[in-house]
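Participant: Next up is a structure, given as structure tokens.
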Amino acid sequence: MASPDNALVCALIATAFWPLLGYALGRQLLPPVLATGAAPVIGWAVHSAVTLPFYLLFGFSPFLVAGIGAVCVLVAGFPLSHPSSVGDTETALTIPLGAFAVAAVVAVIPAATILPKSSGDAVWLADGTFDHAKSAIIDAMTRLGLPPVNPVFGEAGTRGHLAYYYLWHFSAAELALVASMSGWEADIGLTWFTAFASLSLMMGLAVWLSKRATAAIWVVTLAAAGSLWATLHWIFHAKSLAPVLLPPIGMAGWLFQATWVPQHLMAASCVTTVMLLLSRYALRQTFALVATIALLIIAGFESSAFVGGVTFAFAGLIAAPILFAEADPKQRLRFFGGLAIAALLVVGLIAPFLRDQVGAVHARGGGNPFIAEPYRVFGEQFPVWLRRVLDVPGYWLVILPVELPAAFIAGIIALAAALRSAMPRDQKLAIKVLACLAGAGLIISWLLVSTLGDNNDLGLRAIVPAEIFLIVIAAAAAAGLPNVPRRAAIVATAFAGLTLSVPDFIQTIHDNILSPRQPPDAKVFAQTPDLWAAARRHAAPAARIANNPLFLKDLTPWPVNISWALLSNRSSCFAGREMAIPFAPLSPELRSQVDAEFVRVFEGKGTPSDVQDLATKFGCDVVVLVPQDEAWDQDPFAAGPDYRLAEARDGRWRIYVRRK
């Protein structure tokens with residue numbers, strides 16, 4: 001099982017390394033308080049975007065990762081030993097150390113969610129661990145190198161290429177390699193660092209905009225706010241509310257996003273930083289800004305095609321005229337030239353990712369990956385035609401205030417006040433382009449739906465940059481808006497939202513960290529480390545394992561092969577429907593057929609032809625059978641010609657190896 005101590009080591013390595021690199025670069029591009037706040041994001045993004053192609057060419061090993069890291073530290077020491085190239089009269093403006101400490105504590109909440117929970121001889125998981133089954137990608141990279149294999153699905157005779165935006169998981173694999181930790185532990189450590197980096201960026205922006213150190217505390221407070229769902233359920237009761245409003249589907253606030261999808265949160269932090277740097281570049285053109293902007297765009301896209309790709313592209317189109325108008329007319333040619341260079345660099349480096357994404361879309365059935373459809377808000381209490389009409393304003397009037405009670409209304413008021421107030425040109429421009437990013441995210445979440453999976457992942461994640469901006473602008477206004485009446489309105493609105501969201505925050509802590517719900521499979525899960533250790537004895541690092549896709553399905557809110565994903569450190573030939581949706585290059589029909597075939601085999605209803613398919617079609621080198629499988633008593637592997645029994649433990653497991 002994942003160890004808190006090992007996860008802490010990964011988090012400490014990340015915190016000691018990436019912010020150092022980011023600050024060494026950022027202080028050449030940004031005022032001191034912004035350089036400090038953005039340092040973790042800039043350091044992570046630039047280092048990850050640069051080193052991934054290097055490791056693809058020269059190998060991915062602990063020695064090389066540690067050596068490149070040491071070189072980066074030495075290189076970072078040179079700019080740190082020289083004065084900053086950014087003139088700034090407000091050198092005394094800083095983020096309080098106490099705010100960093102509070103941010104570090106708040107960042108523990110998402111990380112602690114992913115840790116295993118235990119009592120006696122039982123071990124179980126919080127619901128948020130479901131999306132961290134992707135840590136199998138991390139283990140695959142540390143075990144087999146780059147480019148990463150597809151750990152979820154295999155076909156005989158092929159390595160199995162992974163078509164996914166995996167940069168975040170690649171950086172976790174770096175931590176796992178140098179610290180000799182598991183992918184699960186590196187995932188926990190990087191989840192903490194991602195949350196902390198996002199808070200650090202927001203604190204730096206809020207303090208810079210407000211010129212008040214207290215804005216940093218406002219940022220952390222607003223970020224930790226929950227939704228109003230728990231309060232509404234308490235007031236109206238969930239059963240009576242359900243016919244009126246559809247239940248929440250993940251269009252949630254910063255804390256939820258940091259817990260469930262840190263890769264998308266990091267991408268949102270990257271594109272937020274890009275917009276800030278673009279506002280700087282419009283006023284002051286340097287090659288360092290061009291290169292950094294390009295690398296941050298690359299890191300954002302390679303961490304989330306939804307946030308760093310679709311959302312950022314839309315925001316860039318909206319912000320382009322504003323940036324063009326603000327640029328010095330005499331420097332506009334240079335401005336466009338620099339952006340053209342950045343675009344060429346971005347296209348060149350993301351081309352393999354983009355090609356893989358397009359290929360995966362076609363493999364899953366082609367068609368339009370996005371459709372226009374307003375966010376669904378209202379339930380069956382209303383006729384269908386009326387629901388469709390009410391849904392259009394309902395997103396703005398119901399969903400956003402409910403999901404973001406502390407930041408949405410306060411942020412809108414703060415944005416209006418900031419645009420009308422007198423402030424330095426660079427700050428006003430930064431607010432405008434960041435508002436473009438926020439607006440793009442809100443509009444996409446409102447009107448676009450991704451068709452690649454069961455959930456609208458595009459809409460659910462495009463909102464994250466908007467959440468970051470709303471938190472920043474509300475915090476800055478609450479701490480330092482000169483107009484007292486407007487500031488009072490913002491503080492009152494934010495405080496009311498914070499107060500009403502307290503029940504949801506308490507429920508989040510209860511469900512995610514304490515997680516008292518002990519599922520029936522908890523005692524079995526506690527024994528699976530021994531099971532997977534036994535399987536690894538018979539499975540070479542590149543081997544693929546077959547086990548029941550529904551094994552321990554009660555551990556997570558949706559049935560996912562979580563035991564394999566977190567503990568096996570081996571690839572699967574088919575890890576189940578939920579994992580196949582984002583990772584397997586299969587059409588919905590073919591995915592259902594494969595899923596049904598694997599489930600059928602482990603239910604004891606498989607035919608000899610099904611078993612043969614596992615060996616010859618899907619490349620299953622090893623099969624793991626356990627008493628929880630219905631096939632335990634009707635073992636289809638025992639007498640067949642495709643597999644031989646390699647190890648058996650009475651009442652615990654049987655491990656079969658494919659005959660050569």
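Identifiers in the structure tokens: chain A, B, ... in order shown; residue index from 1 per chain; ligand index from 1 in order shown.
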Need the shell around Ala596 of chain A: protein/DNA/RNA residues with any atom at most 10 Å away, counting only C-alpha atoms. Skip same-chain ones fewer than 3 positions apart. Format as a ChimeraX atom specification?

Facilitator: /A:549,576-577,590-593,599-601,606

Participant: Hey, what does DSSP flag as alpha helix (DSSP H) within segment 39-239 of chain A? Can you give it to me as an MDAnalysis selection string?

Facilitator: chainID A and resid 39:58 62:80 97:106 108:114 135:144 167:179 183:210 215:223 229:236 238:239

Participant: Atoms to include: C-alpha atoms. Write the selected residues as a short mmCIF file (atom, residue, chain, number, x, y, z; two decimals), in the first residue's frame.

Facilitator:
data_model
loop_
_atom_site.label_atom_id
_atom_site.label_comp_id
_atom_site.auth_asym_id
_atom_site.auth_seq_id
_atom_site.Cartn_x
_atom_site.Cartn_y
_atom_site.Cartn_z
CA ALA A 39 7.79 29.78 -9.49
CA PRO A 40 6.38 26.27 -8.83
CA VAL A 41 4.26 26.33 -12.00
CA ILE A 42 6.96 27.83 -14.23
CA GLY A 43 9.62 25.48 -12.90
CA TRP A 44 7.48 22.39 -13.33
CA ALA A 45 6.22 23.37 -16.78
CA VAL A 46 9.53 24.43 -18.33
CA HIS A 47 11.48 21.51 -16.91
CA SER A 48 8.84 18.91 -17.88
CA ALA A 49 8.29 20.27 -21.38
CA VAL A 50 12.04 20.35 -22.09
CA THR A 51 13.10 17.05 -20.54
CA LEU A 52 10.36 14.84 -21.98
CA PRO A 53 11.74 15.01 -25.56
CA PHE A 54 15.25 14.56 -24.16
CA TYR A 55 14.32 11.35 -22.33
CA LEU A 56 12.43 10.09 -25.38
CA LEU A 57 15.69 10.34 -27.31
CA PHE A 58 18.25 9.26 -24.72
CA PRO A 62 17.09 7.09 -12.47
CA PHE A 63 20.71 8.03 -13.19
CA LEU A 64 19.82 10.26 -16.13
CA VAL A 65 16.89 11.92 -14.32
CA ALA A 66 19.06 12.66 -11.28
CA GLY A 67 21.92 13.88 -13.46
CA ILE A 68 19.72 16.22 -15.51
CA GLY A 69 18.20 17.48 -12.27
CA ALA A 70 21.63 18.29 -10.86
CA VAL A 71 22.56 20.16 -14.05
CA CYS A 72 19.33 22.15 -13.86
CA VAL A 73 20.09 23.19 -10.29
CA LEU A 74 23.57 24.36 -11.29
CA VAL A 75 22.19 26.29 -14.26
CA ALA A 76 19.52 27.89 -12.04
CA GLY A 77 22.24 29.12 -9.71
CA PHE A 78 23.64 31.47 -12.35
CA PRO A 79 20.61 33.80 -12.72
CA LEU A 80 20.00 33.61 -8.97
CA LEU A 97 5.26 32.87 4.88
CA GLY A 98 2.18 32.15 6.96
CA ALA A 99 0.09 32.11 3.78
CA PHE A 100 2.44 29.55 2.23
CA ALA A 101 2.10 27.45 5.39
CA VAL A 102 -1.71 27.58 5.21
CA ALA A 103 -1.57 26.75 1.51
CA ALA A 104 0.63 23.75 2.28
CA VAL A 105 -1.97 22.53 4.78
CA VAL A 106 -4.89 23.02 2.38
CA VAL A 108 -2.82 18.15 2.07
CA ILE A 109 -6.58 17.63 1.63
CA PRO A 110 -6.39 16.43 -2.01
CA ALA A 111 -3.26 14.39 -1.32
CA ALA A 112 -4.65 12.75 1.83
CA THR A 113 -7.75 11.73 -0.11
CA ILE A 114 -5.68 9.37 -2.25
CA SER A 135 -1.17 6.01 -11.66
CA ALA A 136 -0.76 2.80 -13.67
CA ILE A 137 0.66 5.12 -16.35
CA ILE A 138 3.33 6.27 -13.90
CA ASP A 139 4.36 2.71 -13.06
CA ALA A 140 4.46 1.83 -16.76
CA MET A 141 6.92 4.66 -17.46
CA THR A 142 9.20 3.89 -14.53
CA ARG A 143 9.20 0.23 -15.47
CA LEU A 144 9.43 0.33 -19.27
CA LEU A 167 3.04 15.03 -19.14
CA TRP A 168 1.77 15.34 -15.57
CA HIS A 169 2.14 11.60 -15.07
CA PHE A 170 5.58 11.71 -16.70
CA SER A 171 6.74 14.22 -14.07
CA ALA A 172 5.36 11.93 -11.37
CA ALA A 173 7.38 9.11 -12.94
CA GLU A 174 10.49 11.27 -12.57
CA LEU A 175 9.79 11.54 -8.84
CA ALA A 176 9.14 7.81 -8.59
CA LEU A 177 12.41 6.99 -10.36
CA VAL A 178 14.73 9.20 -8.33
CA ALA A 179 13.05 8.34 -5.01
CA GLY A 183 3.52 5.24 -8.96
CA TRP A 184 0.74 5.54 -6.39
CA GLU A 185 3.06 7.28 -3.92
CA ALA A 186 4.45 9.61 -6.59
CA ASP A 187 0.88 10.43 -7.64
CA ILE A 188 0.04 11.45 -4.07
CA GLY A 189 3.17 13.57 -3.73
CA LEU A 190 2.62 15.32 -7.07
CA THR A 191 -1.06 15.88 -6.27
CA TRP A 192 0.01 17.81 -3.17
CA PHE A 193 2.61 19.78 -5.15
CA THR A 194 0.08 20.60 -7.89
CA ALA A 195 -2.42 21.97 -5.38
CA PHE A 196 0.32 23.95 -3.63
CA ALA A 197 1.67 25.31 -6.94
CA SER A 198 -1.80 26.44 -7.98
CA LEU A 199 -2.36 28.19 -4.64
CA SER A 200 1.08 29.79 -4.84
CA LEU A 201 0.33 31.17 -8.31
CA MET A 202 -3.03 32.55 -7.20
CA MET A 203 -1.52 34.12 -4.08
CA GLY A 204 1.18 35.85 -6.12
CA LEU A 205 -1.38 37.22 -8.58
CA ALA A 206 -3.75 38.43 -5.85
CA VAL A 207 -1.01 40.14 -3.84
CA TRP A 208 0.38 41.80 -6.98
CA LEU A 209 -3.03 43.10 -8.05
CA SER A 210 -4.14 44.28 -4.62
CA ALA A 215 -4.91 38.85 -0.34
CA ALA A 216 -2.90 35.62 -0.07
CA ILE A 217 -4.99 34.43 2.88
CA TRP A 218 -8.16 35.32 0.99
CA VAL A 219 -6.96 33.13 -1.90
CA VAL A 220 -6.45 30.06 0.26
CA THR A 221 -9.77 30.58 2.02
CA LEU A 222 -11.75 30.98 -1.20
CA ALA A 223 -10.00 28.01 -2.82
CA TRP A 229 -25.12 21.13 -2.39
CA ALA A 230 -24.81 19.90 1.20
CA THR A 231 -26.65 22.98 2.47
CA LEU A 232 -29.41 22.62 -0.12
CA HIS A 233 -29.84 18.94 0.68
CA TRP A 234 -30.07 19.78 4.37
CA ILE A 235 -32.68 22.49 3.78
CA PHE A 236 -34.81 20.82 1.10
CA ALA A 238 -32.10 15.40 -1.38
CA LYS A 239 -35.21 13.45 -2.45
#

Participant: Quick one: residues within 9 Å of Leu442 of chain A, only C-alpha atoms, excluding same-chain residues fewer than 2 positions away - as number ranges by chain?

Facilitator: A: 437-440, 444-447, 459, 462-466

Participant: Would you kindly return, as an NGL selection string, each protein, DNA or RNA residue with an atom no farther than 10 Å from any atom of Gly160 of chain A, considering only C-alpha atoms and excluding same-chain residues fewer than 5 positions away?

Facilitator: :A and (148-155 or 571 or 573 or 584-585)

Participant: Which polymer residues have any atom within 12 Å of an atom of Gly316 of chain A, counting only C-alpha atoms, with same-chain residues fewer than 6 positions away left out, as an MDAnalysis selection string?

Facilitator: chainID A and resid 271:272 274:276 278:279 297 308:310 322:324 339 343 432:441

Participant: For a test of reading the model, state the distance in Å between atom CA of Asn512 of chain A and atom CA of Glu403 of chain A, rounded to one decimal.

Facilitator: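 That distance, rounded to one decimal, is 17.9 Å.
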
Participant: Check segment 312-467 of chain A with DSSP on the backbone and list each residue it calls strand (DSSP E), as a PyMOL selection string.

Facilitator: chain A and resi 370-372+448-450

Participant: Calculated over only C-alpha atoms, which of the candidates A:Leu246, A:Ala126, A:Ala7, A:Val472 has the smallest distance to Tyr395 of chain A?

Facilitator: A:Leu246

Participant: Would you mind listing what lies within 9 Å of Ser501 of chain A as a PyMOL selection string, with only C-alpha atoms counted and same-chain residues fewer than 4 positions away left out?

Facilitator: chain A and resi 225-231+402+404-406+496-497+505-506

Participant: Counting only C-alpha atoms, what is within 7 Å of Gly480 of chain A, bar same-chain residues fewer than 3 positions away, as a list of chain:residue names?

Facilitator: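 Surrounding residues, per the criterion: A:Ser210, A:Lys211, A:Arg212, A:Ala476, A:Ala477.
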
Participant: Once you have the residues from the selection above, write them out as a compact mmCIF listing (two decimals), in the first residue's frame, restricted to C-alpha atoms.

Facilitator:
# COMPACT_ATOMS: atom_id res chain seq x y z
CA SER A 210 -4.14 44.28 -4.62
CA LYS A 211 -0.78 45.41 -3.20
CA ARG A 212 -1.95 43.76 0.04
CA ALA A 476 -7.48 40.90 -4.59
CA ALA A 477 -10.60 43.05 -4.37

Participant: Between A:Ala35, A:Leu146, A:Leu500, A:Leu93, single out the one closest to Leu21 of chain A, counting only C-alpha atoms.

Facilitator: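 Ranking A:Ala35, A:Leu146, A:Leu500, A:Leu93 by distance to Leu21 of chain A, first place goes to A:Ala35.
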
Participant: Measuring atom to atom with only C-alpha atoms, identify which of A:Leu20, A:Val384, A:Ile562, A:Ala475 is nearest to Leu415 of chain A.

Facilitator: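 Going through A:Leu20, A:Val384, A:Ile562, A:Ala475 one by one, the smallest distance to Leu415 of chain A is for A:Ala475.
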
Participant: Of the candidates A:Tyr166, A:Phe495, A:Trp653, A:Phe378, which one gets nearest to Gln527 of chain A if we count only C-alpha atoms?

Facilitator: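 Using only C-alpha atoms, Gln527 of chain A sits closest to A:Trp653.
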
Participant: Closest to Leu552 of chain A among A:Val626, A:Leu245, A:Ala580, A:Ala418, using only C-alpha atoms?

Facilitator: A:Val626
